[in-house]
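Coordinates from entry.cif are shown below (mmCIF, C-alpha atoms).
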data_data
loop_
_atom_site.label_atom_id
_atom_site.label_comp_id
_atom_site.auth_asym_id
_atom_site.auth_seq_id
_atom_site.Cartn_x
_atom_site.Cartn_y
_atom_site.Cartn_z
CA MET A 8 100.85 -108.30 120.20
CA LYS A 9 100.26 -107.81 123.90
CA LYS A 10 102.41 -110.84 124.67
CA SER A 11 105.39 -109.38 122.87
CA LYS A 12 105.12 -106.02 124.60
CA SER A 13 104.61 -107.21 128.19
CA PRO A 14 108.10 -108.76 128.69
CA PHE A 15 109.69 -105.62 127.22
CA CYS A 16 107.71 -103.41 129.60
CA LEU A 17 108.72 -105.68 132.48
CA LYS A 18 112.40 -105.35 131.54
CA LEU A 19 112.05 -101.56 131.43
CA LEU A 20 110.40 -101.59 134.86
CA ILE A 21 113.22 -103.75 136.29
CA MET A 22 115.79 -101.31 134.87
CA ILE A 23 113.94 -98.38 136.42
CA LEU A 24 113.74 -100.11 139.81
CA GLY A 25 117.44 -100.93 139.60
CA PHE A 26 118.27 -97.31 138.86
CA VAL A 27 116.19 -96.09 141.81
CA ALA A 28 117.64 -98.72 144.17
CA ASN A 29 121.17 -97.51 143.49
CA LEU A 30 120.40 -93.89 144.36
CA ASN A 31 121.55 -92.46 147.68
CA PRO A 32 118.55 -90.74 149.35
CA LEU A 33 120.79 -88.22 151.15
CA ALA A 34 122.59 -87.36 147.92
CA ILE A 35 119.22 -86.90 146.19
CA LEU A 36 118.00 -84.45 148.83
CA ALA A 37 121.28 -82.57 148.73
CA GLY A 38 121.37 -82.51 144.94
CA GLU A 39 124.98 -83.71 144.98
CA CYS A 40 124.96 -86.08 141.98
CA GLY A 41 122.04 -84.81 139.96
CA GLU A 42 118.81 -82.88 140.18
CA PRO A 43 115.32 -83.71 141.46
CA ILE A 44 112.48 -82.26 139.43
CA LEU A 45 108.79 -81.57 140.11
CA GLN A 46 106.24 -80.97 137.34
CA ILE A 47 102.65 -79.76 137.24
CA GLY A 48 100.44 -78.77 134.34
CA TRP A 49 97.59 -79.69 132.01
CA PHE A 50 97.21 -82.29 129.28
CA THR A 51 94.79 -83.24 126.53
CA ALA A 52 94.28 -86.95 125.79
CA THR A 53 92.96 -88.55 122.62
CA GLN A 54 91.58 -92.05 123.22
CA GLY A 55 88.67 -94.40 122.59
CA LYS A 56 88.02 -96.91 119.83
CA SER A 57 84.84 -97.77 117.93
CA GLN A 58 84.47 -101.56 117.90
CA HIS A 59 82.12 -104.50 117.68
CA VAL A 60 81.62 -106.78 120.67
CA ASN A 61 80.61 -110.28 119.60
CA ILE A 62 77.96 -112.03 121.69
CA GLN A 63 77.51 -115.79 121.62
CA GLY A 64 74.45 -116.78 119.58
CA LEU A 65 73.71 -113.16 118.59
CA ILE A 66 74.99 -110.55 116.13
CA GLY A 67 76.56 -108.44 118.88
CA ASP A 68 76.77 -104.76 119.76
CA ASP A 69 78.57 -101.85 118.13
CA PHE A 70 80.26 -99.39 120.49
CA SER A 71 80.84 -96.07 118.70
CA VAL A 72 82.82 -93.16 120.13
CA LYS A 73 81.27 -89.69 120.37
CA LYS A 74 83.83 -88.06 122.67
CA SER A 75 87.44 -89.17 122.30
CA SER A 76 89.23 -86.07 123.64
CA ASP A 77 89.38 -84.87 127.23
CA GLN A 78 91.59 -82.76 129.49
CA ASN A 79 92.84 -82.95 133.06
CA LEU A 80 95.69 -82.35 135.50
CA LEU A 81 99.21 -83.72 135.09
CA VAL A 82 101.73 -84.16 137.92
CA GLY A 83 105.27 -85.47 137.55
CA VAL A 84 108.35 -86.23 139.63
CA GLY A 85 111.80 -87.25 138.52
CA TYR A 86 115.48 -87.47 139.29
CA TYR A 87 118.28 -86.95 136.78
CA LEU A 88 121.98 -87.76 137.11
CA ASN A 89 124.59 -85.57 135.50
CA GLY A 90 125.95 -86.96 132.25
CA PRO A 91 128.67 -85.72 129.90
CA ASP A 92 128.95 -82.22 128.47
CA ILE A 93 129.26 -82.10 124.68
CA CYS A 94 130.04 -78.73 123.12
CA GLN A 95 127.35 -76.37 124.43
CA THR A 96 125.07 -79.18 125.62
CA SER A 97 124.78 -80.90 129.00
CA LEU A 98 123.28 -84.40 129.02
CA LEU A 99 121.35 -85.86 131.95
CA TYR A 100 119.70 -89.25 132.45
CA GLY A 101 117.33 -90.63 135.04
CA VAL A 102 113.76 -91.58 135.89
CA ASN A 103 110.63 -89.49 135.32
CA ALA A 104 107.17 -90.65 136.47
CA PHE A 105 103.81 -88.98 135.78
CA TYR A 106 100.25 -89.12 137.00
CA LEU A 107 97.79 -88.21 134.24
CA ALA A 108 94.45 -87.71 135.96
CA PRO A 109 91.30 -89.49 134.68
CA THR A 110 89.90 -88.59 131.27
CA GLN A 111 86.57 -89.77 129.90
CA VAL A 112 85.46 -91.64 126.79
CA LYS A 113 81.80 -91.36 125.76
CA GLY A 114 79.82 -93.07 123.02
CA ASN A 115 76.70 -94.93 121.94
CA VAL A 116 75.73 -98.60 121.75
CA THR A 117 73.91 -100.03 118.72
CA GLN A 118 72.41 -103.37 119.74
CA GLU A 119 72.23 -106.18 117.19
CA ASN A 120 72.95 -103.72 114.33
CA PHE A 121 69.40 -102.48 114.80
CA ALA A 122 68.82 -99.73 117.35
CA THR A 123 71.09 -97.17 118.96
CA ASN A 124 69.33 -97.10 122.29
CA LEU A 125 72.12 -96.85 124.87
CA SER A 126 74.98 -94.49 125.62
CA TYR A 127 78.06 -95.38 127.62
CA HIS A 128 81.05 -93.77 129.29
CA TYR A 129 84.16 -94.79 131.21
CA SER A 130 87.35 -93.14 132.42
CA ARG A 131 91.02 -93.89 131.86
CA THR A 132 93.95 -92.98 134.14
CA ASN A 133 97.63 -93.24 133.13
CA TYR A 134 100.72 -93.74 135.30
CA PRO A 135 103.72 -93.73 132.92
CA ILE A 136 107.23 -94.31 134.31
CA TYR A 137 110.14 -93.46 132.02
CA LEU A 138 113.82 -94.12 131.66
CA ALA A 139 114.48 -90.57 130.60
CA GLY A 140 117.15 -88.47 128.98
CA LYS A 141 117.43 -84.69 129.00
CA ALA A 142 119.62 -82.38 126.91
CA LEU A 143 120.27 -78.81 128.06
CA ILE A 144 121.44 -76.68 125.15
CA HIS A 145 123.06 -73.63 126.70
CA CYS A 146 121.90 -70.42 125.05
CA ASN A 147 123.46 -68.07 127.60
CA SER A 148 124.32 -68.01 131.31
CA CYS A 149 120.65 -67.54 132.23
CA SER A 150 118.71 -70.00 130.09
CA ASP A 151 118.77 -73.30 128.19
CA VAL A 152 116.72 -74.99 125.50
CA VAL A 153 115.58 -78.37 126.86
CA ILE A 154 114.98 -81.57 124.88
CA ASP A 155 113.37 -84.55 126.66
CA LEU A 156 113.05 -88.20 125.61
CA GLY A 157 111.83 -91.25 127.50
CA ILE A 158 110.53 -94.80 127.20
CA GLY A 159 108.97 -97.07 129.78
CA PRO A 160 105.87 -98.87 131.04
CA ASN A 161 102.53 -97.16 131.48
CA ILE A 162 100.05 -98.51 134.02
CA VAL A 163 96.66 -97.97 132.36
CA ASN A 164 93.66 -98.04 134.69
CA THR A 165 90.08 -98.05 133.37
CA ARG A 166 87.05 -97.64 135.61
CA GLY A 167 83.52 -96.34 135.92
CA PHE A 168 81.94 -98.02 132.89
CA LYS A 169 78.23 -97.19 132.82
CA GLU A 170 75.43 -97.37 130.27
CA GLN A 171 72.38 -95.11 130.09
CA SER A 172 69.12 -95.42 128.16
CA LEU A 173 68.55 -93.19 125.13
CA ASP A 174 64.92 -94.15 124.59
CA GLY A 175 63.35 -92.91 127.81
CA GLY A 176 63.98 -96.06 129.81
CA ILE A 177 62.46 -98.58 127.37
CA THR A 178 65.90 -100.21 126.99
CA ILE A 179 67.25 -101.08 130.44
CA PRO A 180 71.06 -100.87 130.76
CA ASP A 181 72.96 -103.85 132.14
CA PRO A 182 74.93 -102.53 135.16
CA HIS A 183 77.43 -105.41 134.95
CA THR A 184 78.47 -105.36 131.28
CA PHE A 185 82.07 -104.21 131.79
CA SER A 186 84.18 -103.13 134.74
CA GLY A 187 87.56 -101.47 135.20
CA LYS A 188 90.89 -103.17 134.67
CA SER A 189 94.58 -102.30 135.04
CA VAL A 190 97.08 -103.31 132.35
CA VAL A 191 100.68 -102.40 131.56
CA ALA A 192 101.37 -100.89 128.12
CA PHE A 193 104.46 -99.57 126.39
CA SER A 194 104.80 -95.78 126.48
CA ALA A 195 107.14 -93.17 125.06
CA THR A 196 107.49 -89.42 125.43
CA ALA A 197 109.28 -86.53 123.75
CA GLY A 198 109.29 -82.85 124.56
CA LEU A 199 110.78 -79.40 124.18
CA GLY A 200 111.17 -76.69 126.77
CA TRP A 201 112.87 -73.55 127.99
CA ARG A 202 114.82 -73.45 131.28
CA ILE A 203 115.47 -70.26 133.25
CA HIS A 204 118.24 -70.63 135.82
CA ASN A 205 117.72 -69.37 139.38
CA ALA A 206 114.24 -68.13 138.53
CA LEU A 207 113.05 -68.97 142.05
CA GLY A 208 116.07 -68.32 144.24
CA ASN A 209 118.32 -71.37 143.76
CA LEU A 210 115.63 -73.20 141.80
CA SER A 211 115.39 -73.39 138.03
CA LEU A 212 112.06 -73.07 136.22
CA GLU A 213 111.14 -74.82 132.97
CA ILE A 214 108.23 -74.25 130.61
CA ASN A 215 107.62 -77.57 128.84
CA TYR A 216 105.65 -79.06 126.00
CA ARG A 217 105.46 -82.86 126.05
CA PHE A 218 103.99 -85.46 123.71
CA PHE A 219 102.98 -88.82 125.19
CA TYR A 220 102.28 -92.13 123.50
CA LEU A 221 100.35 -93.99 126.22
CA GLY A 222 99.46 -97.32 124.63
CA GLN A 223 96.20 -99.22 124.85
CA GLY A 224 94.06 -100.22 127.82
CA GLU A 225 90.99 -102.40 128.13
CA LEU A 226 87.97 -103.14 130.28
CA LYS A 227 87.06 -106.40 131.95
CA LYS A 228 84.08 -108.25 130.45
CA ASN A 229 81.68 -109.54 133.09
CA ASN A 230 79.50 -111.69 130.84
CA ASN A 231 80.68 -115.11 129.63
CA GLN A 232 78.57 -114.70 126.49
CA PHE A 233 80.85 -111.89 125.28
CA ARG A 234 83.48 -113.21 122.87
CA ASN A 235 85.73 -110.15 123.21
CA THR A 236 86.07 -107.15 125.48
CA LEU A 237 86.09 -103.39 125.03
CA HIS A 238 89.45 -101.71 124.39
CA THR A 239 90.40 -98.07 124.81
CA GLY A 240 92.42 -97.88 121.61
CA ASN A 241 95.88 -96.33 121.57
CA SER A 242 95.98 -93.09 123.53
CA TYR A 243 98.04 -89.97 122.82
CA GLY A 244 98.59 -86.97 125.04
CA ASN A 245 99.77 -83.40 124.57
CA ALA A 246 100.80 -81.52 127.69
CA LEU A 247 101.96 -78.08 128.81
CA PHE A 248 103.48 -77.87 132.27
CA LEU A 249 105.94 -76.11 134.55
CA SER A 250 108.97 -77.90 135.99
CA ILE A 251 110.97 -76.87 139.05
CA SER A 252 114.45 -78.33 139.55
CA MET A 253 117.35 -77.79 141.94
#
Can you dump the structure from the file as structure tokens?
Amino acid sequence: MKKSKSPFCLKLLIMILGFVANLNPLAILAGECGEPILQIGWFTATQGKSQHVNIQGLIGDDFSVKKSSDQNLLVGVGYYLNGPDICQTSLLYGVNAFYLAPTQVKGNVTQENFATNLSYHYSRTNYPIYLAGKALIHCNSCSDVVIDLGIGPNIVNTRGFKEQSLDGGITIPDPHTFSGKSVVAFSATAGLGWRIHNALGNLSLEINYRFFYLGQGELKKNNNQFRNTLHTGNSYGNALFLSISM
């Protein structure tokens, strides 16, 4: 499954780079052919996956998830070109990239199907980059309803895996079980918002809700006796943020 998605993500990334390469930096700053946009807000991520890690010559360990939801800061930047106007709707298309700050997964480890004597945690950071479309449905001269869609690659970074003893130090954690890893996963986003024109002088202000499908990440196994590694499971995000555009 990963093999089929990676070339598609690579093609999307090439298209995004091609779009950016054809933009005129001076025109971007002047807002002549489109609009730059800045976004900041808060998101909640759902992630983590209970799974069994097979160990050569042994039964293996079960990694259960106790905390699969976490919250953190979201920051975005984008640039949209003006598209056609259809009835009371203006269409725009461009690139929109986000930084979704680290969120944590926490759980317990049951060794050899016998004793739950360790806990673990790690963090996941997402950097999705979208080929994006935006529809501005004109309600009146002062405001628009905004619909957003986008697809693209998401750079998933895991780090900070650590185990801790649950039995007062009798079971000693292995500090080198797993480590962080960066992978590219397919991502998609959809959202709804409300734009107020000239809310900040010549700048427009948007209040946005956005749903993110962020794909799956994984950790790097550091022990050759492990038959498989630990995955994050598919992650989903719900975000509320403010957008400022020219």
Any chance you could work out the residue set of the PyMOL selection byres ((chain A and resi 55) around 7) here, as an mmCIF file with C-alpha atoms, in the frame of the given file?
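Everything below was put into part_32.cif:
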data_model
loop_
_atom_site.group_PDB
_atom_site.id
_atom_site.type_symbol
_atom_site.label_atom_id
_atom_site.label_comp_id
_atom_site.auth_asym_id
_atom_site.auth_seq_id
_atom_site.Cartn_x
_atom_site.Cartn_y
_atom_site.Cartn_z
ATOM 1 C CA GLN A 54 91.580 -92.050 123.220
ATOM 2 C CA LYS A 56 88.020 -96.910 119.830
ATOM 3 C CA SER A 57 84.840 -97.770 117.930
ATOM 4 C CA VAL A 72 82.820 -93.160 120.130
ATOM 5 C CA SER A 75 87.440 -89.170 122.300
ATOM 6 C CA VAL A 112 85.460 -91.640 126.790
ATOM 7 C CA THR A 239 90.400 -98.070 124.810
ATOM 8 C CA GLY A 240 92.420 -97.880 121.610
#
query = Do you know which residues the PyMOL selection byres ((chain A and resi 73) around 6) returns on this file, as a ChimeraX atom specification?
reply = /A:72,74,113-114
Result set, the PyMOL selection byres ((chain A and resi 205) around 12) on current file, as a PyMOL selection string = chain A and resi 148-151+202-204+206-213+251-253
Skip range 214-218 of chain A itself and residues of its chain fewer than 2 positions away, then list as an mmCIF file with C-alpha atoms, keeping the file's coordinate frame all residues within 7 Å of it, counting all atoms listed in the file.
data_model
loop_
_atom_site.group_PDB
_atom_site.id
_atom_site.type_symbol
_atom_site.label_atom_id
_atom_site.label_comp_id
_atom_site.auth_asym_id
_atom_site.auth_seq_id
_atom_site.Cartn_x
_atom_site.Cartn_y
_atom_site.Cartn_z
ATOM 1 C CA THR A 196 107.490 -89.420 125.430
ATOM 2 C CA ALA A 197 109.280 -86.530 123.750
ATOM 3 C CA GLY A 198 109.290 -82.850 124.560
ATOM 4 C CA LEU A 199 110.780 -79.400 124.180
ATOM 5 C CA GLY A 200 111.170 -76.690 126.770
ATOM 6 C CA TRP A 201 112.870 -73.550 127.990
ATOM 7 C CA ARG A 202 114.820 -73.450 131.280
ATOM 8 C CA LEU A 212 112.060 -73.070 136.220
ATOM 9 C CA TYR A 220 102.280 -92.130 123.500
ATOM 10 C CA GLY A 244 98.590 -86.970 125.040
ATOM 11 C CA ASN A 245 99.770 -83.400 124.570
ATOM 12 C CA ALA A 246 100.800 -81.520 127.690
ATOM 13 C CA LEU A 247 101.960 -78.080 128.810
ATOM 14 C CA PHE A 248 103.480 -77.870 132.270
ATOM 15 C CA LEU A 249 105.940 -76.110 134.550
ATOM 16 C CA SER A 250 108.970 -77.900 135.990
#
key: Å distance separating CA of Gln171 in chain A from CA of Ala108 in chain A, one decimal place   = 24.0 Å
What's around range 90-101 of chain A at 10 Å? Count all atoms listed in the file, leave out sequence neighbours fewer than 3 positions away in its own chain, and write the answer as a tab-separated table (two decimals) with C-alpha atoms, keeping the file's coordinate frame.
chain	number	residue	atom	x	y	z
A	23	ILE	CA	113.94	-98.38	136.42
A	26	PHE	CA	118.27	-97.31	138.86
A	27	VAL	CA	116.19	-96.09	141.81
A	40	CYS	CA	124.96	-86.08	141.98
A	41	GLY	CA	122.04	-84.81	139.96
A	42	GLU	CA	118.81	-82.88	140.18
A	43	PRO	CA	115.32	-83.71	141.46
A	85	GLY	CA	111.80	-87.25	138.52
A	86	TYR	CA	115.48	-87.47	139.29
A	87	TYR	CA	118.28	-86.95	136.78
A	137	TYR	CA	110.14	-93.46	132.02
A	138	LEU	CA	113.82	-94.12	131.66
A	139	ALA	CA	114.48	-90.57	130.60
A	140	GLY	CA	117.15	-88.47	128.98
A	141	LYS	CA	117.43	-84.69	129.00
A	142	ALA	CA	119.62	-82.38	126.91
A	143	LEU	CA	120.27	-78.81	128.06
A	144	ILE	CA	121.44	-76.68	125.15
A	145	HIS	CA	123.06	-73.63	126.70
A	146	CYS	CA	121.90	-70.42	125.05
A	147	ASN	CA	123.46	-68.07	127.60
A	151	ASP	CA	118.77	-73.30	128.19
A	152	VAL	CA	116.72	-74.99	125.50
A	153	VAL	CA	115.58	-78.37	126.86
A	154	ILE	CA	114.98	-81.57	124.88
A	155	ASP	CA	113.37	-84.55	126.66
A	156	LEU	CA	113.05	-88.20	125.61
A	157	GLY	CA	111.83	-91.25	127.50
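Minimum atom-to-atom distance to Val84 in chain A, evaluated using all atoms listed in the file, belongs to A:Gln46 out of A:Asn124, A:Asn231, A:Asn115, A:Gln46.
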Could you make a table, as a Markdown table, of the residues of range 157-190 of chain A that have an atom within 12 Å of an atom of range 59-71 of chain A, each with its nearest atom pair and distance in Å to one decimal, counting all atoms listed in the file, in chain and number order?
| residue | atom | partner | partner_atom | distance |
| --- | --- | --- | --- | --- |
| A:Glu170 | CA | A:Phe70 | CA | 11.1 |
| A:Thr184 | CA | A:Val60 | CA | 11.2 |
| A:Phe185 | CA | A:Val60 | CA | 11.4 |
Best match for closeness to Asp174 in chain A among A:Ser126, A:Asn133, A:Ser242, A:Asn120, counting all atoms listed in the file = A:Ser126
ask   = Which value, in Å to one decimal, gives the distance between CA of Thr117 in chain A and CA of Lys169 in chain A?
value = 15.0 Å
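Interatomic distance, CA of Phe15 in chain A against CA of Phe219 in chain A: 18.2 Å.
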task = Up to 12 Å from (103.4, -87.3, 138.3) in the file's coordinates: name the residues, counting all atoms listed in the file, as an MDAnalysis selection string.
result = chainID A and resid 44:49 80:85 102:108 132:137 248 250
task = For Ala52 in chain A, work out the shell of residues within 6 Å, counting only C-alpha atoms and skipping chain neighbours fewer than 6 positions away, then give it as a list in words.
result =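 Listing them by chain and then by number gives Ser76, Asp77, Tyr243 and Gly244 of chain A.
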request  = Would you list the contacts of Val190 in chain A as a VMD selection string, taking every protein, DNA or RNA residue within 10 Å and counting all atoms listed in the file, but skipping same-chain residues closer than 5 positions in sequence?
outcome  = chain A and resid 13 160 to 165 223 to 226
For the residues in the current selection, export C-alpha atoms as an mmCIF file, in the frame of the given file.
data_model
loop_
_atom_site.group_PDB
_atom_site.id
_atom_site.type_symbol
_atom_site.label_atom_id
_atom_site.label_comp_id
_atom_site.auth_asym_id
_atom_site.auth_seq_id
_atom_site.Cartn_x
_atom_site.Cartn_y
_atom_site.Cartn_z
ATOM 1 C CA SER A 13 104.610 -107.210 128.190
ATOM 2 C CA PRO A 160 105.870 -98.870 131.040
ATOM 3 C CA ASN A 161 102.530 -97.160 131.480
ATOM 4 C CA ILE A 162 100.050 -98.510 134.020
ATOM 5 C CA VAL A 163 96.660 -97.970 132.360
ATOM 6 C CA ASN A 164 93.660 -98.040 134.690
ATOM 7 C CA THR A 165 90.080 -98.050 133.370
ATOM 8 C CA GLN A 223 96.200 -99.220 124.850
ATOM 9 C CA GLY A 224 94.060 -100.220 127.820
ATOM 10 C CA GLU A 225 90.990 -102.400 128.130
ATOM 11 C CA LEU A 226 87.970 -103.140 130.280
#
